[in-house]
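Engineer: Here you go, final00.cif (mmCIF, C-alpha atoms):
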```cif
data_work
loop_
_atom_site.label_atom_id
_atom_site.label_comp_id
_atom_site.auth_asym_id
_atom_site.auth_seq_id
_atom_site.Cartn_x
_atom_site.Cartn_y
_atom_site.Cartn_z
CA MET A 1 0.00 0.00 0.00
CA SER A 2 1.40 3.40 -0.93
CA THR A 3 1.90 5.78 1.94
CA GLY A 4 1.12 8.60 -0.44
CA THR A 5 3.77 10.91 1.08
CA ARG A 6 4.36 13.58 -1.54
CA VAL A 7 8.06 14.37 -1.91
CA LEU A 8 9.78 17.11 -3.88
CA ILE A 9 13.42 16.42 -4.84
CA GLY A 10 15.83 19.29 -5.36
CA PRO A 11 17.65 21.00 -6.75
CA ASP A 12 17.74 18.22 -9.38
CA ALA A 13 15.77 14.99 -9.30
CA SER A 14 18.53 12.53 -10.22
CA PRO A 15 17.24 9.07 -11.12
CA TRP A 16 18.82 7.44 -8.07
CA LEU A 17 17.16 9.98 -5.78
CA ARG A 18 13.79 9.30 -7.41
CA GLU A 19 14.33 5.58 -6.92
CA ALA A 20 15.13 6.13 -3.25
CA VAL A 21 11.89 8.07 -2.78
CA LEU A 22 9.81 5.53 -4.69
CA ALA A 23 11.35 2.69 -2.66
CA ALA A 24 9.64 4.24 0.38
CA ASP A 25 6.26 3.96 -1.39
CA ALA A 26 6.22 7.73 -1.63
CA ILE A 27 5.23 9.91 -4.59
CA VAL A 28 7.58 12.30 -6.38
CA VAL A 29 5.97 15.68 -7.07
CA ASP A 30 7.21 18.78 -8.86
CA ASP A 31 4.81 21.31 -7.34
CA PRO A 32 6.08 22.72 -3.99
CA GLN A 33 2.48 23.41 -2.95
CA LEU A 34 1.83 19.66 -2.93
CA ALA A 35 5.00 18.57 -1.13
CA GLN A 36 4.81 17.05 2.33
CA ALA A 37 8.56 16.43 2.40
CA VAL A 38 11.59 17.78 0.58
CA VAL A 39 14.75 15.85 -0.28
CA TRP A 40 17.56 18.29 -0.99
CA ARG A 41 20.99 17.32 -2.21
CA GLY A 42 22.87 20.56 -2.64
CA SER A 43 24.51 23.43 -0.76
CA ASP A 44 22.43 26.37 -2.04
CA HIS A 45 20.52 27.29 1.11
CA GLU A 46 19.04 30.43 -0.46
CA ARG A 47 17.48 28.41 -3.25
CA LEU A 48 16.12 25.92 -0.75
CA ALA A 49 14.71 28.74 1.39
CA ARG A 50 12.83 30.11 -1.62
CA LEU A 51 11.46 26.68 -2.40
CA LEU A 52 10.30 26.16 1.17
CA ASP A 53 8.49 29.49 1.06
CA GLU A 54 6.37 27.90 -1.67
CA ALA A 55 5.95 24.63 0.22
CA PRO A 56 3.85 25.39 3.31
CA ASN A 57 2.90 21.75 3.82
CA ALA A 58 6.44 20.36 3.73
CA ALA A 59 7.01 19.16 7.29
CA LEU A 60 10.28 17.33 6.64
CA VAL A 61 13.49 18.41 4.92
CA GLN A 62 16.02 15.63 4.30
CA LEU A 63 19.48 16.96 3.48
CA GLY A 64 22.08 14.97 1.61
CA ALA A 65 25.05 16.26 3.62
CA ALA A 66 26.23 14.84 6.92
CA GLY A 67 27.88 18.08 8.04
CA THR A 68 25.52 21.01 8.57
CA ASP A 69 27.97 23.72 9.70
CA ALA A 70 27.26 25.75 6.55
CA TRP A 71 23.50 25.46 7.10
CA ALA A 72 23.26 26.26 10.81
CA PRO A 73 24.01 30.02 10.53
CA THR A 74 21.23 30.49 7.94
CA GLY A 75 18.47 30.10 10.54
CA LEU A 76 16.62 27.59 8.39
CA PHE A 77 16.70 24.97 11.13
CA ASP A 78 14.46 27.21 13.25
CA ASP A 79 11.53 27.19 10.82
CA GLY A 80 9.47 24.62 12.73
CA ARG A 81 10.03 21.80 10.25
CA ILE A 82 11.81 18.54 10.96
CA TRP A 83 15.29 18.74 9.47
CA ALA A 84 17.32 15.57 8.99
CA SER A 85 20.89 15.32 7.75
CA ALA A 86 22.82 12.31 6.49
CA LYS A 87 24.92 12.18 9.65
CA GLY A 88 25.98 8.63 10.34
CA ALA A 89 25.24 7.44 6.82
CA TYR A 90 28.83 7.84 5.65
CA SER A 91 30.58 6.84 8.88
CA GLU A 92 32.10 3.61 7.63
CA VAL A 93 33.74 4.98 4.50
CA VAL A 94 35.04 8.15 6.18
CA ALA A 95 36.45 6.16 9.10
CA GLU A 96 38.08 3.81 6.60
CA HIS A 97 39.78 6.81 4.98
CA ALA A 98 40.89 8.10 8.38
CA LEU A 99 42.52 4.75 9.10
CA ALA A 100 44.25 4.79 5.71
CA LEU A 101 45.61 8.28 6.41
CA THR A 102 46.77 7.21 9.86
CA LEU A 103 48.72 4.24 8.56
CA ALA A 104 50.17 6.21 5.65
CA LEU A 105 51.41 8.97 7.92
CA LEU A 106 52.83 6.68 10.59
CA ARG A 107 54.70 4.77 7.89
CA GLU A 108 55.98 8.11 6.47
CA LEU A 109 54.54 7.48 3.02
CA PRO A 110 54.27 11.21 2.16
CA ARG A 111 58.05 11.50 2.38
CA PHE A 112 58.74 8.23 0.58
CA VAL A 113 56.44 8.93 -2.38
CA ARG A 114 58.16 12.27 -2.95
CA ALA A 115 61.64 10.73 -2.94
CA ASP A 116 63.65 10.20 -6.11
CA GLY A 117 66.16 7.89 -4.45
CA TRP A 118 66.51 5.14 -1.84
CA LEU A 119 65.94 6.51 1.68
CA PRO A 120 66.90 5.04 5.06
CA GLN A 121 64.31 2.84 6.77
CA ALA A 122 61.72 4.73 8.81
CA GLY A 123 58.20 4.38 10.13
CA THR A 124 56.11 3.83 13.24
CA SER A 125 53.71 1.00 14.00
CA LEU A 126 50.14 1.74 15.04
CA PHE A 127 50.05 -1.27 17.34
CA GLU A 128 49.54 -0.38 21.01
CA ARG A 129 49.74 3.37 20.46
CA THR A 130 47.61 5.94 22.28
CA VAL A 131 44.87 7.24 19.99
CA LEU A 132 42.75 10.28 20.86
CA VAL A 133 39.50 10.48 18.90
CA LEU A 134 37.81 13.89 19.12
CA GLY A 135 34.19 13.31 18.18
CA ALA A 136 34.15 9.78 19.56
CA ASP A 137 30.43 9.99 20.24
CA GLY A 138 29.66 10.58 16.54
CA GLY A 139 29.25 7.96 13.85
CA ILE A 140 32.68 8.45 12.27
CA GLY A 141 34.43 8.46 15.63
CA ARG A 142 32.69 5.30 16.80
CA GLU A 143 33.43 3.52 13.54
CA PHE A 144 37.09 4.57 13.62
CA ILE A 145 37.42 3.16 17.13
CA ARG A 146 35.96 -0.11 15.88
CA LEU A 147 38.30 -0.25 12.88
CA VAL A 148 41.41 0.55 14.89
CA ALA A 149 40.65 -2.04 17.59
CA PRO A 150 42.76 -4.86 16.00
CA PHE A 151 45.83 -2.67 16.56
CA ARG A 152 45.22 -2.89 20.33
CA PRO A 153 45.46 0.87 20.93
CA ARG A 154 44.82 2.75 24.12
CA VAL A 155 41.83 4.86 23.06
CA LEU A 156 41.01 8.23 24.58
CA ARG A 157 37.48 9.32 23.69
CA GLY A 158 36.85 12.99 23.15
CA LEU A 159 33.14 13.54 23.73
CA ARG A 160 31.13 16.74 23.57
CA HIS A 161 31.90 17.81 27.14
CA ALA A 162 34.83 15.65 28.25
CA VAL A 163 37.69 13.37 27.31
CA LEU A 164 37.47 9.90 28.83
CA ASP A 165 40.19 7.27 29.11
CA GLU A 166 39.57 3.54 28.86
CA ASP A 167 38.43 3.45 32.50
CA ASP A 168 35.97 6.31 31.88
CA ARG A 169 38.07 8.71 33.89
CA THR A 170 37.92 12.33 32.77
CA LEU A 171 41.05 13.94 31.34
CA PRO A 172 41.63 17.61 30.47
CA LEU A 173 41.97 17.99 26.70
CA ASP A 174 45.51 19.35 26.96
CA GLU A 175 46.53 16.32 29.02
CA ALA A 176 44.93 13.95 26.52
CA LEU A 177 46.74 15.69 23.65
CA ALA A 178 50.02 15.36 25.53
CA GLU A 179 49.51 11.60 25.86
CA ALA A 180 48.31 10.90 22.31
CA ASP A 181 50.42 9.41 19.54
CA VAL A 182 47.56 9.86 17.06
CA VAL A 183 44.89 12.58 17.22
CA VAL A 184 41.87 11.93 14.98
CA LEU A 185 39.44 14.78 14.36
CA ALA A 186 35.89 13.59 13.65
CA THR A 187 33.93 16.32 15.40
CA PRO A 188 31.30 18.62 13.87
CA LEU A 189 32.38 22.18 13.13
CA THR A 190 30.64 24.51 15.58
CA GLU A 191 31.60 27.75 17.29
CA ARG A 192 32.95 25.59 20.12
CA THR A 193 35.16 23.45 17.88
CA ARG A 194 36.32 26.07 15.39
CA GLY A 195 40.11 26.40 15.76
CA LEU A 196 40.09 23.63 18.36
CA LEU A 197 43.66 22.71 17.48
CA ASP A 198 45.49 26.03 17.68
CA ALA A 199 49.05 27.03 18.53
CA ARG A 200 48.55 26.44 22.24
CA ARG A 201 47.08 22.99 21.69
CA PHE A 202 49.84 22.01 19.25
CA ALA A 203 52.38 23.11 21.87
CA SER A 204 50.90 20.58 24.29
CA MET A 205 51.37 17.66 21.90
CA ARG A 206 54.33 15.33 21.55
CA PRO A 207 56.84 16.02 18.78
CA THR A 208 56.24 12.41 17.64
CA SER A 209 52.45 12.74 17.42
CA ILE A 210 50.36 13.04 14.26
CA VAL A 211 47.01 14.66 13.47
CA ILE A 212 44.34 13.20 11.17
CA ASN A 213 41.46 15.47 10.08
CA VAL A 214 38.36 14.00 8.42
CA ALA A 215 36.00 16.46 10.12
CA ARG A 216 36.06 20.02 8.78
CA GLY A 217 39.05 22.16 7.90
CA GLY A 218 38.04 24.87 10.35
CA VAL A 219 38.58 22.59 13.35
CA ILE A 220 42.29 23.30 12.87
CA ASP A 221 43.96 26.72 12.88
CA THR A 222 45.75 26.35 9.53
CA ASP A 223 48.50 28.89 10.27
CA ALA A 224 49.23 27.18 13.57
CA LEU A 225 49.38 23.82 11.79
CA VAL A 226 51.87 25.14 9.25
CA GLU A 227 54.04 26.40 12.10
CA ALA A 228 53.75 23.13 14.06
CA LEU A 229 54.77 21.07 11.03
CA SER A 230 57.62 23.32 9.91
CA THR A 231 59.18 23.52 13.37
CA GLY A 232 58.78 19.83 14.23
CA ARG A 233 56.33 20.64 17.01
CA ILE A 234 54.36 17.62 15.73
CA ALA A 235 55.53 14.83 13.46
CA GLY A 236 52.89 15.11 10.78
CA ALA A 237 49.34 15.78 9.64
CA ALA A 238 47.01 14.04 7.19
CA LEU A 239 44.08 16.12 6.00
CA ASP A 240 41.04 15.23 3.93
CA VAL A 241 39.62 18.68 4.71
CA THR A 242 41.34 22.05 4.85
CA ASP A 243 40.73 25.69 5.68
CA PRO A 244 40.46 27.26 3.16
CA GLU A 245 39.01 24.57 0.92
CA PRO A 246 40.04 23.87 -1.74
CA LEU A 247 43.55 24.58 -0.49
CA PRO A 248 45.09 27.03 -2.99
CA GLY A 249 48.10 26.13 -5.07
CA GLY A 250 51.36 27.26 -3.56
CA HIS A 251 50.12 26.94 0.01
CA PRO A 252 52.95 25.73 2.29
CA LEU A 253 51.03 22.62 3.31
CA TRP A 254 51.38 21.26 -0.24
CA SER A 255 55.17 21.19 -0.02
CA ALA A 256 55.46 20.01 3.58
CA GLU A 257 57.08 16.56 3.57
CA ASN A 258 55.25 15.63 6.77
CA CYS A 259 51.81 16.52 5.44
CA LEU A 260 49.48 14.30 3.40
CA ILE A 261 46.45 15.93 1.74
CA THR A 262 43.52 14.26 -0.01
CA PRO A 263 40.88 16.44 -1.75
CA HIS A 264 37.86 15.85 0.53
CA THR A 265 37.58 12.38 -0.97
CA ALA A 266 36.82 10.24 2.08
CA ASN A 267 33.28 9.93 0.74
CA THR A 268 33.16 9.94 -3.05
CA LEU A 269 29.96 10.19 -5.08
CA GLU A 270 30.13 6.45 -5.83
CA MET A 271 30.32 5.75 -2.10
CA LEU A 272 27.73 8.37 -1.22
CA GLU A 273 24.86 7.42 -3.50
CA PRO A 274 23.86 4.02 -2.08
CA ARG A 275 24.23 5.17 1.52
CA LEU A 276 22.25 8.37 1.03
CA ALA A 277 19.59 6.50 -0.93
CA GLN A 278 19.19 4.07 1.94
CA ARG A 279 18.87 6.92 4.44
CA ILE A 280 16.26 8.72 2.31
CA THR A 281 14.15 5.58 1.91
CA GLU A 282 14.33 4.73 5.60
CA ASN A 283 13.48 8.23 6.81
CA LEU A 284 10.55 8.61 4.42
CA ARG A 285 9.17 5.28 5.63
CA ARG A 286 9.56 6.42 9.23
CA PHE A 287 8.02 9.81 8.46
CA ALA A 288 4.97 8.16 6.89
CA SER A 289 4.57 5.90 9.93
CA ASP A 290 5.18 8.69 12.46
CA LEU A 291 8.30 6.97 13.77
CA PRO A 292 11.51 8.68 15.01
CA LEU A 293 13.76 9.73 12.14
CA ILE A 294 17.48 9.07 11.79
CA GLY A 295 19.88 12.00 11.80
CA VAL A 296 17.49 14.68 13.02
CA VAL A 297 19.24 18.04 13.30
CA ASP A 298 19.27 19.69 16.72
CA ALA A 299 18.68 23.35 15.89
CA ALA A 300 20.29 24.50 19.13
CA LYS A 301 23.50 22.59 18.44
CA GLY A 302 23.48 23.21 14.70
CA TYR A 303 23.98 19.56 13.75
#
```
Rewrite the structure of this file - the entire thing - as structure tokens.

Structural biologist:
Amino acid sequence: MSTGTRVLIGPDASPWLREAVLAADAIVVDDPQLAQAVVWRGSDHERLARLLDEAPNAALVQLGAAGTDAWAPTGLFDDGRIWASAKGAYSEVVAEHALALTLALLRELPRFVRADGWLPQAGTSLFERTVLVLGADGGIGREFIRLVAPFRPRVLRGLRHAVLDEDDRTLPLDEALAEADVVVLATPLTERTRGLLDARRFASMRPTSIVINVARGGVIDTDALVEALSTGRIAGAALDVTDPEPLPGGHPLWSAENCLITPHTANTLEMLEPRLAQRITENLRRFASDLPLIGVVDAAKGY
């Protein structure tokens, strides 16, 4: 039996998005006046705002992005509708990329791949190292902890209000940074986390420690990172996100031997489509049955 939920897809109704909506026994409509829900895969919040002005009956907006830091300042989340993001949908593939970056950096692959001759042996094993995961209560952080478990690490979990060790004892963040061999950033970008790793925080880290960022570029103070890498304050950084992004040509991070950069590719379109489609179908089914949705945005937190 069709639920009859009328869904408008924007800004473009790609075939795979239509299939995801139809798989929920919903109906794709083109008229905003008829829409009870909107599926939006795009970053143009002004265009979406105009569409929603014409869609008074749309009670649900399903976004295609997991991160909502660019959306939160627009005020759209305060419009009384249910807003859902794709948070958690891409956790596995992004955590997989974070692990790949971790291993590559510890094994000094950035330096080796730039070499034009045989270099002395070098590298560090991940086994039994101390790993600090900032954003450990999010999907990516939890998945990274699961993936890294075979390496028998000591895991410090950076949660929203505290850092906990393996015995659930609270540690100050500076103390946790001082103990960590690997710092993985998987936290949302908010006013609280913007510039979280700055010059003072880098100064508290070990000169042998590395930083992995699969969160948002703004979580790191880029100038402070450049300084920390160039002076040996930390051993290295691997970044799938940067600030600014894209990172402009000629930026000193490109030429840093102890820095590995990937172009925000932890979650490619080929990886994204099936996971987002599954989330859209599931949430539309839940919406039609008045069940709790997955990935609902907390307007107060912005994510």

Engineer: For this structure, which residues satisfy the selection - the PyMOL selection byres ((chain A and resi 141) around 9) - when it is evaluated on the file as given? I want them as a ChimeraX atom specification.

Structural biologist: /A:91,95,133-140,142-146,157,184-187

Engineer: With stretch 29-53 of chain A as the partner and 12 Å as the cut-off, tabulate the residues of stretch 187-300 of chain A that qualify, each row holding the nearest pair of atoms and their distance in Å to one decimal, using only C-alpha atoms, sorted by chain and rising number, as JSON lines.

Structural biologist:
```
{"residue": "A:Leu269", "atom": "CA", "partner": "A:Arg41", "partner_atom": "CA", "distance": 11.8}
{"residue": "A:Leu272", "atom": "CA", "partner": "A:Arg41", "partner_atom": "CA", "distance": 11.2}
{"residue": "A:Glu273", "atom": "CA", "partner": "A:Arg41", "partner_atom": "CA", "distance": 10.7}
{"residue": "A:Leu276", "atom": "CA", "partner": "A:Arg41", "partner_atom": "CA", "distance": 9.6}
{"residue": "A:Ala277", "atom": "CA", "partner": "A:Val39", "partner_atom": "CA", "distance": 10.5}
{"residue": "A:Arg279", "atom": "CA", "partner": "A:Val39", "partner_atom": "CA", "distance": 10.9}
{"residue": "A:Ile280", "atom": "CA", "partner": "A:Val39", "partner_atom": "CA", "distance": 7.7}
{"residue": "A:Thr281", "atom": "CA", "partner": "A:Val39", "partner_atom": "CA", "distance": 10.5}
{"residue": "A:Asn283", "atom": "CA", "partner": "A:Val39", "partner_atom": "CA", "distance": 10.5}
{"residue": "A:Leu284", "atom": "CA", "partner": "A:Ala37", "partner_atom": "CA", "distance": 8.3}
{"residue": "A:Arg285", "atom": "CA", "partner": "A:Ala37", "partner_atom": "CA", "distance": 11.6}
{"residue": "A:Phe287", "atom": "CA", "partner": "A:Ala37", "partner_atom": "CA", "distance": 9.0}
{"residue": "A:Ala288", "atom": "CA", "partner": "A:Gln36", "partner_atom": "CA", "distance": 10.0}
```

Engineer: Once the PyMOL selection byres ((chain A and resi 227) around 12) has been applied to the shown file, what residues remain in the selection, as a CSV table (one decimal) with C-alpha atoms, keeping the file's coordinate frame?

Structural biologist:
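Written out: result20.csv:
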```
chain,number,residue,atom,x,y,z
A,198,ASP,CA,45.5,26.0,17.7
A,199,ALA,CA,49.0,27.0,18.5
A,200,ARG,CA,48.6,26.4,22.2
A,202,PHE,CA,49.8,22.0,19.2
A,203,ALA,CA,52.4,23.1,21.9
A,221,ASP,CA,44.0,26.7,12.9
A,222,THR,CA,45.8,26.4,9.5
A,223,ASP,CA,48.5,28.9,10.3
A,224,ALA,CA,49.2,27.2,13.6
A,225,LEU,CA,49.4,23.8,11.8
A,226,VAL,CA,51.9,25.1,9.2
A,228,ALA,CA,53.8,23.1,14.1
A,229,LEU,CA,54.8,21.1,11.0
A,230,SER,CA,57.6,23.3,9.9
A,231,THR,CA,59.2,23.5,13.4
A,232,GLY,CA,58.8,19.8,14.2
A,233,ARG,CA,56.3,20.6,17.0
A,234,ILE,CA,54.4,17.6,15.7
A,235,ALA,CA,55.5,14.8,13.5
A,236,GLY,CA,52.9,15.1,10.8
A,237,ALA,CA,49.3,15.8,9.6
A,252,PRO,CA,53.0,25.7,2.3
A,253,LEU,CA,51.0,22.6,3.3
A,256,ALA,CA,55.5,20.0,3.6
```

Engineer: Carefully work through the PyMOL selection byres ((chain A and resi 214) around 8) for this structure and note down the residues it includes, as JSON, numbers by chain.

Structural biologist: {"A": [94, 98, 184, 185, 186, 212, 213, 215, 216, 239, 240, 241, 266]}

Engineer: Considering only C-alpha atoms, can you say which of A:Gly88, A:Pro274, A:Pro110, A:Pro56 comes closest to A:Leu260?

Structural biologist: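 So, comparing all the options, the nearest one is A:Pro110.
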
Engineer: My list of candidates is A:Ala65, A:Ala104, A:Leu171, A:Ala23. Which is closest to A:Thr262 when distances are computed with all atoms listed in the file?

Structural biologist: A:Ala104

Engineer: By how many Å are atom CA of A:Arg18 and atom CA of A:Ala66 apart?

Structural biologist: 19.8 Å

Engineer: Which residue gives the smallest distance to A:Trp71 among A:Glu270, A:Asp298, A:Asp174, A:Glu19, with only C-alpha atoms counted?

Structural biologist: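 Using only C-alpha atoms, the shortest distance to A:Trp71 belongs to A:Asp298.
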
Engineer: If I take atom CA of A:Ile82 and atom CA of A:Leu60, how far is one from the other in Å, to one decimal?

Structural biologist: 4.7 Å
